[in-house]
Amino acid sequence: MSRRTQRSIWTFLSQEFFTIVTLLVAMVSTPLILHWLGDERFGTFETVAEWAGYLALLEFGIGEAIQALLARACSNGDEGAVRQVLFAALRLYWRVALLMIAVGAAGTAVIAHLIPVGAHYVKDLRVAWLIGVLGSVLLPFSALRILAQVEQRGYWVNTLLLVQWALVTGLSIVLAWLGWGITGQALALLLGTVVFNLGLAIAEKARLPGLLKGAIRAASDKTTQAAISELRWPGLVFNLCGRFSYLTDNIIIAYVMSPAVVVPFFITQRLTSMATRELQAVGGASWAALTELHNQGKNQQFNARLIELTHLVAILAVGGLVPVVAYNHFFVERWVGASRYGGDALTTIAAVNALLLATFSLWTWVVNSTGQVRSILPITSSQTILNFSASILFTYKFGIIGPVLGSLVAFCAVSIWWLPLLLAQLFNTKPGELILALVQPVLLGVPYGISVYAFAARFGAAEWLTMGWQMAAAAGGYWLVAALILLTKSQRAEWVARIRLTLTGAVV
């Protein structure tokens, strides 16, 4: 097994460990924070975080540009080019950070109008917003995170994220208990982010000595600057579309309904959101290796691996999401109370979206990381317009399911057919094989899911132990059946060998 495959598996396994730990601790921490904050302030903080994310658009696509350039330089083993890209990125990011702080500070005057919170929480909201804006000073560290991912060292990033999350969770609980409200939650997030970025900087400084001095003193490389300028504007449009498509749901719910309704909307999707993150981890752990194959001209191997990963994502998704749909109402009831459950329709649509989003993310990453983001913009723009408008319309008409229903309509109307055609155009990937890799696990999962749902309706319970073993058995049962039916004997043997070598080998 190649070293890049080994690193990809380690990155994925580290993400799995991170999710398991965060889920277990969140089961304890979330009810406590909800109790001390209340639904309105909890929902307001989630909405503030979503609005703060829009400041990232002011980086004007630098991230996508340097990702593609670093991937190319690392594939060629050109350390000099890696340093030149990082020098240019750090200079640009410092300027953008100052712009983000200035724009964010100005936004303090209108944030209370964007989030219709009660008058007694307006000051708390504004202070929390300013704390979030202050976090923009950490933007230059984004270049180091991208480098770690390009070099297929995502397991180090996940380790630091676990440290960050533990600190944020602990501080969030304490500050909520002390009565610091929305401000306390924003402060906890900022301090955790500082620790994460400092850890990343220390790790990369040892590997790339003199990086900061070089960014300040080294002469600018005009070729690198021109390459970043060429790629950054398509990256900006892509980021804008992604933000409006996937990161406006809480904003729409808070504005159309109320910040308090964000709580059941967020809580009900907690398991599906974590599943989405896990499924995206497959692509997140693999896109660098796929990009390397493409950059080295190994197109046949690239396409075979892309189809294989699509099949893997679909199998993992169906097996993991079927028990979520069947047992989520028990989970939420036991976790925070039945009154905060958003309904089976919300759960089911969110689960379907999780499968589609994870698949489309994998396909999109290989386009972006090979420097061809411009070619995907017609797809993302069309999907964004449909998603955003449909989400608002459906929220007014159908209530809490509106945003997820809008996303589903956009996925099915645009991405499901257009993305495979684009991959065929760019990489000669066969659309039929790609779609078949996605559809096969779904077709197997439909009758299986109906059986699990019927079993849960009759024998399911809200006790943690019963719920836990039944959900685990449902997921494991599907994966076993899928491995026997959907994978060939040689494919099963290959995956067993990969996992065994990864667990017994060392990655440095």
# chains A, B, ... in the order shown; residues from 1 in each chain; ligands from 1
$ residues_around --residues "Leu24 in chain A" --least-positions-apart "5" --cutoff "12 Å" --atoms "only C-alpha atoms" --output "VMD selection string"
chain A and resid 17 to 19 29 to 30 166 271 274 335 464 468
$ write_last_selection --atoms "N, CA and C atoms" --output "PDB file, in the first residue's frame"
ATOM      1  N   PHE A  17     -12.314   9.129  15.253  1.00  0.00           N
ATOM      2  CA  PHE A  17     -12.079   9.225  16.693  1.00  0.00           C
ATOM      3  C   PHE A  17     -12.560  10.566  17.234  1.00  0.00           C
ATOM      4  N   PHE A  18     -12.271  11.622  16.497  1.00  0.00           N
ATOM      5  CA  PHE A  18     -12.696  12.966  16.899  1.00  0.00           C
ATOM      6  C   PHE A  18     -14.213  13.042  17.023  1.00  0.00           C
ATOM      7  N   THR A  19     -14.930  12.466  16.069  1.00  0.00           N
ATOM      8  CA  THR A  19     -16.387  12.533  16.083  1.00  0.00           C
ATOM      9  C   THR A  19     -16.976  11.733  17.240  1.00  0.00           C
ATOM     10  N   SER A  29     -22.616  17.950  27.560  1.00  0.00           N
ATOM     11  CA  SER A  29     -22.403  19.396  27.591  1.00  0.00           C
ATOM     12  C   SER A  29     -23.574  20.198  27.037  1.00  0.00           C
ATOM     13  N   THR A  30     -24.195  19.734  25.947  1.00  0.00           N
ATOM     14  CA  THR A  30     -25.258  20.512  25.312  1.00  0.00           C
ATOM     15  C   THR A  30     -26.455  20.758  26.231  1.00  0.00           C
ATOM     16  N   ALA A 166     -12.048  20.393  22.932  1.00  0.00           N
ATOM     17  CA  ALA A 166     -12.119  20.119  24.372  1.00  0.00           C
ATOM     18  C   ALA A 166     -12.062  21.422  25.163  1.00  0.00           C
ATOM     19  N   LEU A 271     -27.164  14.692  14.798  1.00  0.00           N
ATOM     20  CA  LEU A 271     -26.589  13.422  14.353  1.00  0.00           C
ATOM     21  C   LEU A 271     -26.308  13.427  12.853  1.00  0.00           C
ATOM     22  N   MET A 274     -23.197  15.535  12.167  1.00  0.00           N
ATOM     23  CA  MET A 274     -21.961  14.824  12.498  1.00  0.00           C
ATOM     24  C   MET A 274     -21.683  13.734  11.472  1.00  0.00           C
ATOM     25  N   TRP A 335     -32.023  13.104  25.099  1.00  0.00           N
ATOM     26  CA  TRP A 335     -30.914  14.043  25.216  1.00  0.00           C
ATOM     27  C   TRP A 335     -31.357  15.382  25.804  1.00  0.00           C
ATOM     28  N   TRP A 464     -30.463   4.928  26.848  1.00  0.00           N
ATOM     29  CA  TRP A 464     -29.221   5.034  26.095  1.00  0.00           C
ATOM     30  C   TRP A 464     -28.685   3.667  25.667  1.00  0.00           C
ATOM     31  N   GLY A 468     -28.398   2.591  21.901  1.00  0.00           N
ATOM     32  CA  GLY A 468     -27.046   2.470  21.384  1.00  0.00           C
ATOM     33  C   GLY A 468     -26.788   1.149  20.677  1.00  0.00           C
TER      34      GLY A 468
END
$ select_by_dssp --residues "range 29-114 of chain A" --states "alpha helix (DSSP H)" --output "PDB file with C-alpha atoms, in the first residue's frame"
ATOM      1  CA  SER A  29     -22.403  19.396  27.591  1.00  0.00           C
ATOM      2  CA  THR A  30     -25.258  20.512  25.312  1.00  0.00           C
ATOM      3  CA  PRO A  31     -28.096  20.023  27.857  1.00  0.00           C
ATOM      4  CA  LEU A  32     -26.047  21.939  30.430  1.00  0.00           C
ATOM      5  CA  ILE A  33     -25.347  24.854  28.096  1.00  0.00           C
ATOM      6  CA  LEU A  34     -28.990  24.915  26.978  1.00  0.00           C
ATOM      7  CA  HIS A  35     -30.123  24.959  30.610  1.00  0.00           C
ATOM      8  CA  TRP A  36     -27.920  27.911  31.557  1.00  0.00           C
ATOM      9  CA  LEU A  37     -28.296  29.881  28.307  1.00  0.00           C
ATOM     10  CA  ASP A  39     -33.153  28.482  23.849  1.00  0.00           C
ATOM     11  CA  GLU A  40     -33.121  32.090  22.646  1.00  0.00           C
ATOM     12  CA  ARG A  41     -29.488  32.807  23.533  1.00  0.00           C
ATOM     13  CA  PHE A  42     -28.322  29.376  22.367  1.00  0.00           C
ATOM     14  CA  GLY A  43     -30.042  29.865  19.005  1.00  0.00           C
ATOM     15  CA  THR A  44     -28.726  33.414  18.784  1.00  0.00           C
ATOM     16  CA  PHE A  45     -25.134  32.273  19.261  1.00  0.00           C
ATOM     17  CA  GLU A  46     -25.487  29.643  16.522  1.00  0.00           C
ATOM     18  CA  THR A  47     -26.842  32.356  14.212  1.00  0.00           C
ATOM     19  CA  VAL A  48     -24.068  34.802  15.154  1.00  0.00           C
ATOM     20  CA  ALA A  49     -21.486  32.165  14.254  1.00  0.00           C
ATOM     21  CA  GLU A  50     -23.153  31.703  10.877  1.00  0.00           C
ATOM     22  CA  TRP A  51     -23.167  35.431  10.168  1.00  0.00           C
ATOM     23  CA  ALA A  52     -19.526  35.739  11.265  1.00  0.00           C
ATOM     24  CA  ILE A  62      -7.204  33.058  -1.638  1.00  0.00           C
ATOM     25  CA  GLY A  63      -7.727  29.699   0.050  1.00  0.00           C
ATOM     26  CA  GLU A  64      -8.826  27.889  -3.106  1.00  0.00           C
ATOM     27  CA  ALA A  65      -5.973  29.475  -5.060  1.00  0.00           C
ATOM     28  CA  ILE A  66      -3.187  28.472  -2.686  1.00  0.00           C
ATOM     29  CA  GLN A  67      -4.712  25.002  -2.227  1.00  0.00           C
ATOM     30  CA  ALA A  68      -4.360  24.311  -5.939  1.00  0.00           C
ATOM     31  CA  LEU A  69      -0.869  25.845  -6.124  1.00  0.00           C
ATOM     32  CA  LEU A  70       0.397  24.014  -3.045  1.00  0.00           C
ATOM     33  CA  ALA A  71      -1.027  20.730  -4.327  1.00  0.00           C
ATOM     34  CA  ARG A  72       0.844  21.214  -7.596  1.00  0.00           C
ATOM     35  CA  ALA A  73       4.106  22.149  -5.847  1.00  0.00           C
ATOM     36  CA  CYS A  74       3.922  19.238  -3.400  1.00  0.00           C
ATOM     37  CA  SER A  75       3.132  16.773  -6.193  1.00  0.00           C
ATOM     38  CA  GLU A  79       9.884  22.991  -1.791  1.00  0.00           C
ATOM     39  CA  GLY A  80      10.934  26.343  -3.201  1.00  0.00           C
ATOM     40  CA  ALA A  81       7.543  26.750  -4.872  1.00  0.00           C
ATOM     41  CA  VAL A  82       5.824  25.715  -1.625  1.00  0.00           C
ATOM     42  CA  ARG A  83       7.626  28.477   0.244  1.00  0.00           C
ATOM     43  CA  GLN A  84       6.860  31.085  -2.422  1.00  0.00           C
ATOM     44  CA  VAL A  85       3.150  30.242  -2.283  1.00  0.00           C
ATOM     45  CA  LEU A  86       3.158  30.447   1.518  1.00  0.00           C
ATOM     46  CA  PHE A  87       5.066  33.751   1.485  1.00  0.00           C
ATOM     47  CA  ALA A  88       2.510  35.284  -0.876  1.00  0.00           C
ATOM     48  CA  ALA A  89      -0.438  33.802   1.026  1.00  0.00           C
ATOM     49  CA  LEU A  90       0.711  35.112   4.399  1.00  0.00           C
ATOM     50  CA  ARG A  91       1.175  38.631   3.018  1.00  0.00           C
ATOM     51  CA  LEU A  92      -2.275  38.619   1.445  1.00  0.00           C
ATOM     52  CA  TYR A  93      -3.946  37.126   4.522  1.00  0.00           C
ATOM     53  CA  TRP A  94      -2.588  39.823   6.845  1.00  0.00           C
ATOM     54  CA  ARG A  95      -4.160  42.522   4.675  1.00  0.00           C
ATOM     55  CA  VAL A  96      -7.429  40.631   4.461  1.00  0.00           C
ATOM     56  CA  ALA A  97      -7.501  40.131   8.241  1.00  0.00           C
ATOM     57  CA  LEU A  98      -7.353  43.893   8.772  1.00  0.00           C
ATOM     58  CA  LEU A  99     -10.159  44.395   6.240  1.00  0.00           C
ATOM     59  CA  MET A 100     -12.301  41.753   7.954  1.00  0.00           C
ATOM     60  CA  ILE A 101     -11.839  43.411  11.344  1.00  0.00           C
ATOM     61  CA  ALA A 102     -12.797  46.819   9.933  1.00  0.00           C
ATOM     62  CA  VAL A 103     -15.902  45.504   8.139  1.00  0.00           C
ATOM     63  CA  GLY A 104     -16.884  43.361  11.103  1.00  0.00           C
ATOM     64  CA  ALA A 105     -16.598  46.269  13.522  1.00  0.00           C
ATOM     65  CA  ALA A 106     -18.857  48.321  11.273  1.00  0.00           C
ATOM     66  CA  GLY A 107     -21.332  45.433  11.248  1.00  0.00           C
ATOM     67  CA  ILE A 111     -26.202  42.837  13.724  1.00  0.00           C
ATOM     68  CA  ALA A 112     -29.193  43.255  16.054  1.00  0.00           C
ATOM     69  CA  HIS A 113     -31.381  43.954  13.013  1.00  0.00           C
ATOM     70  CA  LEU A 114     -30.115  40.855  11.217  1.00  0.00           C
TER      71      LEU A 114
END
$ closest_residue --among "A:Leu357, A:Ala483, A:Leu189, A:Val313" --to "Val496 in chain A" --atoms "only C-alpha atoms"
A:Ala483
$ closest_residue --among "A:Val133, A:Ala254, A:Leu356, A:Ser369" --to "Ile146 in chain A" --atoms "only C-alpha atoms"
A:Ser369
$ residues_around --residues "Gly445 in chain A" --least-positions-apart "4" --cutoff "10 Å" --atoms "only C-alpha atoms" --output "PDB file with C-alpha atoms, in the first residue's frame"
ATOM      1  CA  ALA A 314     -22.397   5.918  -0.297  1.00  0.00           C
ATOM      2  CA  ILE A 315     -22.023   2.640   1.631  1.00  0.00           C
ATOM      3  CA  ALA A 317     -23.597   7.020   4.441  1.00  0.00           C
ATOM      4  CA  VAL A 318     -26.522   4.650   4.048  1.00  0.00           C
ATOM      5  CA  GLY A 319     -25.341   2.401   6.874  1.00  0.00           C
ATOM      6  CA  LEU A 321     -27.867   7.353   8.350  1.00  0.00           C
ATOM      7  CA  VAL A 322     -30.519   4.610   8.335  1.00  0.00           C
ATOM      8  CA  VAL A 439     -27.106   4.476  -6.492  1.00  0.00           C
ATOM      9  CA  GLN A 440     -26.258   0.848  -5.689  1.00  0.00           C
ATOM     10  CA  PRO A 441     -25.901   1.352  -1.919  1.00  0.00           C
ATOM     11  CA  GLY A 449     -34.117   1.170   6.081  1.00  0.00           C
ATOM     12  CA  ILE A 450     -37.833   0.388   6.023  1.00  0.00           C
ATOM     13  CA  SER A 451     -37.154  -2.738   8.072  1.00  0.00           C
ATOM     14  CA  TYR A 478     -26.081  -2.915   6.611  1.00  0.00           C
ATOM     15  CA  TRP A 479     -22.316  -2.589   6.217  1.00  0.00           C
ATOM     16  CA  VAL A 481     -24.650  -6.973   3.850  1.00  0.00           C
ATOM     17  CA  ALA A 482     -23.201  -4.253   1.607  1.00  0.00           C
TER      18      ALA A 482
END
$ closest_residue --among "A:Asp124, A:Asp78, A:Glu433, A:Glu463" --to "Leu306 in chain A" --atoms "only C-alpha atoms"
A:Glu433
$ closest_atom_pairs --of "range 332-376 of chain A" --to "range 415-423 of chain A" --cutoff "12 Å" --atoms "only C-alpha atoms" --output "JSON lines"
{"residue": "A:Asn353", "atom": "CA", "partner": "A:Ile416", "partner_atom": "CA", "distance": 11.6}
{"residue": "A:Leu355", "atom": "CA", "partner": "A:Ile416", "partner_atom": "CA", "distance": 11.6}
{"residue": "A:Leu356", "atom": "CA", "partner": "A:Ile416", "partner_atom": "CA", "distance": 8.1}
{"residue": "A:Leu357", "atom": "CA", "partner": "A:Ser415", "partner_atom": "CA", "distance": 9.7}
{"residue": "A:Thr359", "atom": "CA", "partner": "A:Ile416", "partner_atom": "CA", "distance": 9.6}
{"residue": "A:Phe360", "atom": "CA", "partner": "A:Ser415", "partner_atom": "CA", "distance": 7.4}
{"residue": "A:Ser361", "atom": "CA", "partner": "A:Leu419", "partner_atom": "CA", "distance": 10.4}
{"residue": "A:Leu362", "atom": "CA", "partner": "A:Leu419", "partner_atom": "CA", "distance": 10.8}
{"residue": "A:Trp363", "atom": "CA", "partner": "A:Leu419", "partner_atom": "CA", "distance": 7.4}
{"residue": "A:Thr364", "atom": "CA", "partner": "A:Leu419", "partner_atom": "CA", "distance": 8.0}
{"residue": "A:Trp365", "atom": "CA", "partner": "A:Leu423", "partner_atom": "CA", "distance": 11.3}
{"residue": "A:Val366", "atom": "CA", "partner": "A:Leu423", "partner_atom": "CA", "distance": 9.1}
{"residue": "A:Val367", "atom": "CA", "partner": "A:Leu423", "partner_atom": "CA", "distance": 7.8}
{"residue": "A:Asn368", "atom": "CA", "partner": "A:Leu423", "partner_atom": "CA", "distance": 11.5}
{"residue": "A:Thr370", "atom": "CA", "partner": "A:Leu423", "partner_atom": "CA", "distance": 11.9}
{"residue": "A:Gln372", "atom": "CA", "partner": "A:Leu422", "partner_atom": "CA", "distance": 10.7}
{"residue": "A:Val373", "atom": "CA", "partner": "A:Leu422", "partner_atom": "CA", "distance": 11.3}
{"residue": "A:Arg374", "atom": "CA", "partner": "A:Leu422", "partner_atom": "CA", "distance": 11.6}
{"residue": "A:Ser375", "atom": "CA", "partner": "A:Leu422", "partner_atom": "CA", "distance": 8.0}
{"residue": "A:Ile376", "atom": "CA", "partner": "A:Leu422", "partner_atom": "CA", "distance": 7.6}
$ write_last_selection --atoms "N, CA and C atoms" --output "PDB file, in the first residue's frame"
ATOM      1  N   ASN A 353     -29.821  14.668   2.445  1.00  0.00           N
ATOM      2  CA  ASN A 353     -28.890  15.745   2.105  1.00  0.00           C
ATOM      3  C   ASN A 353     -27.466  15.405   2.522  1.00  0.00           C
ATOM      4  N   LEU A 355     -26.018  12.466   2.635  1.00  0.00           N
ATOM      5  CA  LEU A 355     -25.462  11.560   1.635  1.00  0.00           C
ATOM      6  C   LEU A 355     -25.050  12.321   0.379  1.00  0.00           C
ATOM      7  N   LEU A 356     -25.936  13.168  -0.133  1.00  0.00           N
ATOM      8  CA  LEU A 356     -25.662  13.884  -1.375  1.00  0.00           C
ATOM      9  C   LEU A 356     -24.536  14.901  -1.200  1.00  0.00           C
ATOM     10  N   LEU A 357     -24.547  15.628  -0.075  1.00  0.00           N
ATOM     11  CA  LEU A 357     -23.525  16.645   0.145  1.00  0.00           C
ATOM     12  C   LEU A 357     -22.138  16.016   0.264  1.00  0.00           C
ATOM     13  N   THR A 359     -21.116  13.227  -1.092  1.00  0.00           N
ATOM     14  CA  THR A 359     -20.719  12.774  -2.429  1.00  0.00           C
ATOM     15  C   THR A 359     -20.298  13.944  -3.303  1.00  0.00           C
ATOM     16  N   PHE A 360     -21.112  14.993  -3.317  1.00  0.00           N
ATOM     17  CA  PHE A 360     -20.792  16.143  -4.158  1.00  0.00           C
ATOM     18  C   PHE A 360     -19.532  16.857  -3.676  1.00  0.00           C
ATOM     19  N   SER A 361     -19.283  16.855  -2.361  1.00  0.00           N
ATOM     20  CA  SER A 361     -18.057  17.471  -1.838  1.00  0.00           C
ATOM     21  C   SER A 361     -16.832  16.752  -2.363  1.00  0.00           C
ATOM     22  N   LEU A 362     -16.879  15.412  -2.371  1.00  0.00           N
ATOM     23  CA  LEU A 362     -15.764  14.638  -2.914  1.00  0.00           C
ATOM     24  C   LEU A 362     -15.515  15.005  -4.365  1.00  0.00           C
ATOM     25  N   TRP A 363     -16.564  15.046  -5.163  1.00  0.00           N
ATOM     26  CA  TRP A 363     -16.408  15.363  -6.584  1.00  0.00           C
ATOM     27  C   TRP A 363     -15.901  16.788  -6.785  1.00  0.00           C
ATOM     28  N   THR A 364     -16.386  17.703  -5.958  1.00  0.00           N
ATOM     29  CA  THR A 364     -16.009  19.113  -6.098  1.00  0.00           C
ATOM     30  C   THR A 364     -14.568  19.354  -5.696  1.00  0.00           C
ATOM     31  N   TRP A 365     -14.119  18.700  -4.627  1.00  0.00           N
ATOM     32  CA  TRP A 365     -12.749  18.910  -4.151  1.00  0.00           C
ATOM     33  C   TRP A 365     -11.716  18.577  -5.218  1.00  0.00           C
ATOM     34  N   VAL A 366     -11.951  17.505  -5.979  1.00  0.00           N
ATOM     35  CA  VAL A 366     -10.942  17.138  -6.980  1.00  0.00           C
ATOM     36  C   VAL A 366     -10.908  18.148  -8.123  1.00  0.00           C
ATOM     37  N   VAL A 367     -12.024  18.799  -8.383  1.00  0.00           N
ATOM     38  CA  VAL A 367     -12.037  19.855  -9.400  1.00  0.00           C
ATOM     39  C   VAL A 367     -11.269  21.074  -8.897  1.00  0.00           C
ATOM     40  N   ASN A 368     -11.579  21.504  -7.687  1.00  0.00           N
ATOM     41  CA  ASN A 368     -10.945  22.701  -7.133  1.00  0.00           C
ATOM     42  C   ASN A 368      -9.454  22.514  -6.902  1.00  0.00           C
ATOM     43  N   THR A 370      -7.347  20.725  -8.357  1.00  0.00           N
ATOM     44  CA  THR A 370      -6.560  20.669  -9.595  1.00  0.00           C
ATOM     45  C   THR A 370      -6.565  22.006 -10.333  1.00  0.00           C
ATOM     46  N   GLN A 372      -9.150  23.949 -11.279  1.00  0.00           N
ATOM     47  CA  GLN A 372     -10.170  24.132 -12.314  1.00  0.00           C
ATOM     48  C   GLN A 372     -11.493  24.629 -11.734  1.00  0.00           C
ATOM     49  N   VAL A 373     -11.392  25.440 -10.696  1.00  0.00           N
ATOM     50  CA  VAL A 373     -12.591  25.902  -9.999  1.00  0.00           C
ATOM     51  C   VAL A 373     -13.503  26.697 -10.927  1.00  0.00           C
ATOM     52  N   ARG A 374     -12.926  27.386 -11.900  1.00  0.00           N
ATOM     53  CA  ARG A 374     -13.732  28.203 -12.806  1.00  0.00           C
ATOM     54  C   ARG A 374     -14.774  27.351 -13.549  1.00  0.00           C
ATOM     55  N   SER A 375     -14.421  26.113 -13.861  1.00  0.00           N
ATOM     56  CA  SER A 375     -15.314  25.257 -14.632  1.00  0.00           C
ATOM     57  C   SER A 375     -16.544  24.813 -13.845  1.00  0.00           C
ATOM     58  N   ILE A 376     -16.471  24.883 -12.517  1.00  0.00           N
ATOM     59  CA  ILE A 376     -17.582  24.404 -11.703  1.00  0.00           C
ATOM     60  C   ILE A 376     -18.543  25.523 -11.315  1.00  0.00           C
TER      61      ILE A 376
END
$ closest_residue --among "A:Gly432, A:Gly135, A:Gly343, A:Gly170" --to "Ala326 in chain A" --atoms "only C-alpha atoms"
A:Gly343
$ closest_residue --among "A:Ile485, A:Ile20, A:Leu187, A:Ala143" --to "Ala128 in chain A" --atoms "only C-alpha atoms"
A:Leu187
$ decode --residues "range 289-301 of chain A" --atoms "N, CA and C atoms" --output "PDB file, in the first residue's frame"
ATOM      1  N   ALA A 289      -4.415  13.078  -2.290  1.00  0.00           N
ATOM      2  CA  ALA A 289      -3.856  11.934  -3.008  1.00  0.00           C
ATOM      3  C   ALA A 289      -4.407  11.862  -4.427  1.00  0.00           C
ATOM      4  N   LEU A 290      -5.702  12.138  -4.594  1.00  0.00           N
ATOM      5  CA  LEU A 290      -6.290  12.148  -5.926  1.00  0.00           C
ATOM      6  C   LEU A 290      -5.660  13.234  -6.801  1.00  0.00           C
ATOM      7  N   THR A 291      -5.450  14.397  -6.205  1.00  0.00           N
ATOM      8  CA  THR A 291      -4.829  15.497  -6.948  1.00  0.00           C
ATOM      9  C   THR A 291      -3.419  15.130  -7.396  1.00  0.00           C
ATOM     10  N   GLU A 292      -2.689  14.456  -6.507  1.00  0.00           N
ATOM     11  CA  GLU A 292      -1.331  14.029  -6.852  1.00  0.00           C
ATOM     12  C   GLU A 292      -1.351  13.069  -8.036  1.00  0.00           C
ATOM     13  N   LEU A 293      -2.301  12.127  -8.039  1.00  0.00           N
ATOM     14  CA  LEU A 293      -2.424  11.203  -9.166  1.00  0.00           C
ATOM     15  C   LEU A 293      -2.691  11.955 -10.468  1.00  0.00           C
ATOM     16  N   HIS A 294      -3.588  12.932 -10.398  1.00  0.00           N
ATOM     17  CA  HIS A 294      -3.920  13.716 -11.594  1.00  0.00           C
ATOM     18  C   HIS A 294      -2.707  14.518 -12.063  1.00  0.00           C
ATOM     19  N   ASN A 295      -2.034  15.182 -11.134  1.00  0.00           N
ATOM     20  CA  ASN A 295      -0.885  16.008 -11.501  1.00  0.00           C
ATOM     21  C   ASN A 295       0.256  15.178 -12.081  1.00  0.00           C
ATOM     22  N   GLN A 296       0.319  13.909 -11.714  1.00  0.00           N
ATOM     23  CA  GLN A 296       1.358  13.025 -12.231  1.00  0.00           C
ATOM     24  C   GLN A 296       0.927  12.300 -13.508  1.00  0.00           C
ATOM     25  N   GLY A 297      -0.289  12.618 -14.016  1.00  0.00           N
ATOM     26  CA  GLY A 297      -0.747  12.045 -15.269  1.00  0.00           C
ATOM     27  C   GLY A 297      -1.287  10.629 -15.160  1.00  0.00           C
ATOM     28  N   LYS A 298      -1.557  10.152 -13.966  1.00  0.00           N
ATOM     29  CA  LYS A 298      -2.069   8.794 -13.772  1.00  0.00           C
ATOM     30  C   LYS A 298      -3.603   8.824 -13.800  1.00  0.00           C
ATOM     31  N   ASN A 299      -4.150   9.118 -14.973  1.00  0.00           N
ATOM     32  CA  ASN A 299      -5.588   9.374 -15.092  1.00  0.00           C
ATOM     33  C   ASN A 299      -6.434   8.126 -14.868  1.00  0.00           C
ATOM     34  N   GLN A 300      -5.978   6.996 -15.340  1.00  0.00           N
ATOM     35  CA  GLN A 300      -6.758   5.777 -15.152  1.00  0.00           C
ATOM     36  C   GLN A 300      -6.856   5.409 -13.681  1.00  0.00           C
ATOM     37  N   GLN A 301      -5.756   5.534 -12.983  1.00  0.00           N
ATOM     38  CA  GLN A 301      -5.753   5.249 -11.552  1.00  0.00           C
ATOM     39  C   GLN A 301      -6.587   6.279 -10.793  1.00  0.00           C
TER      40      GLN A 301
END
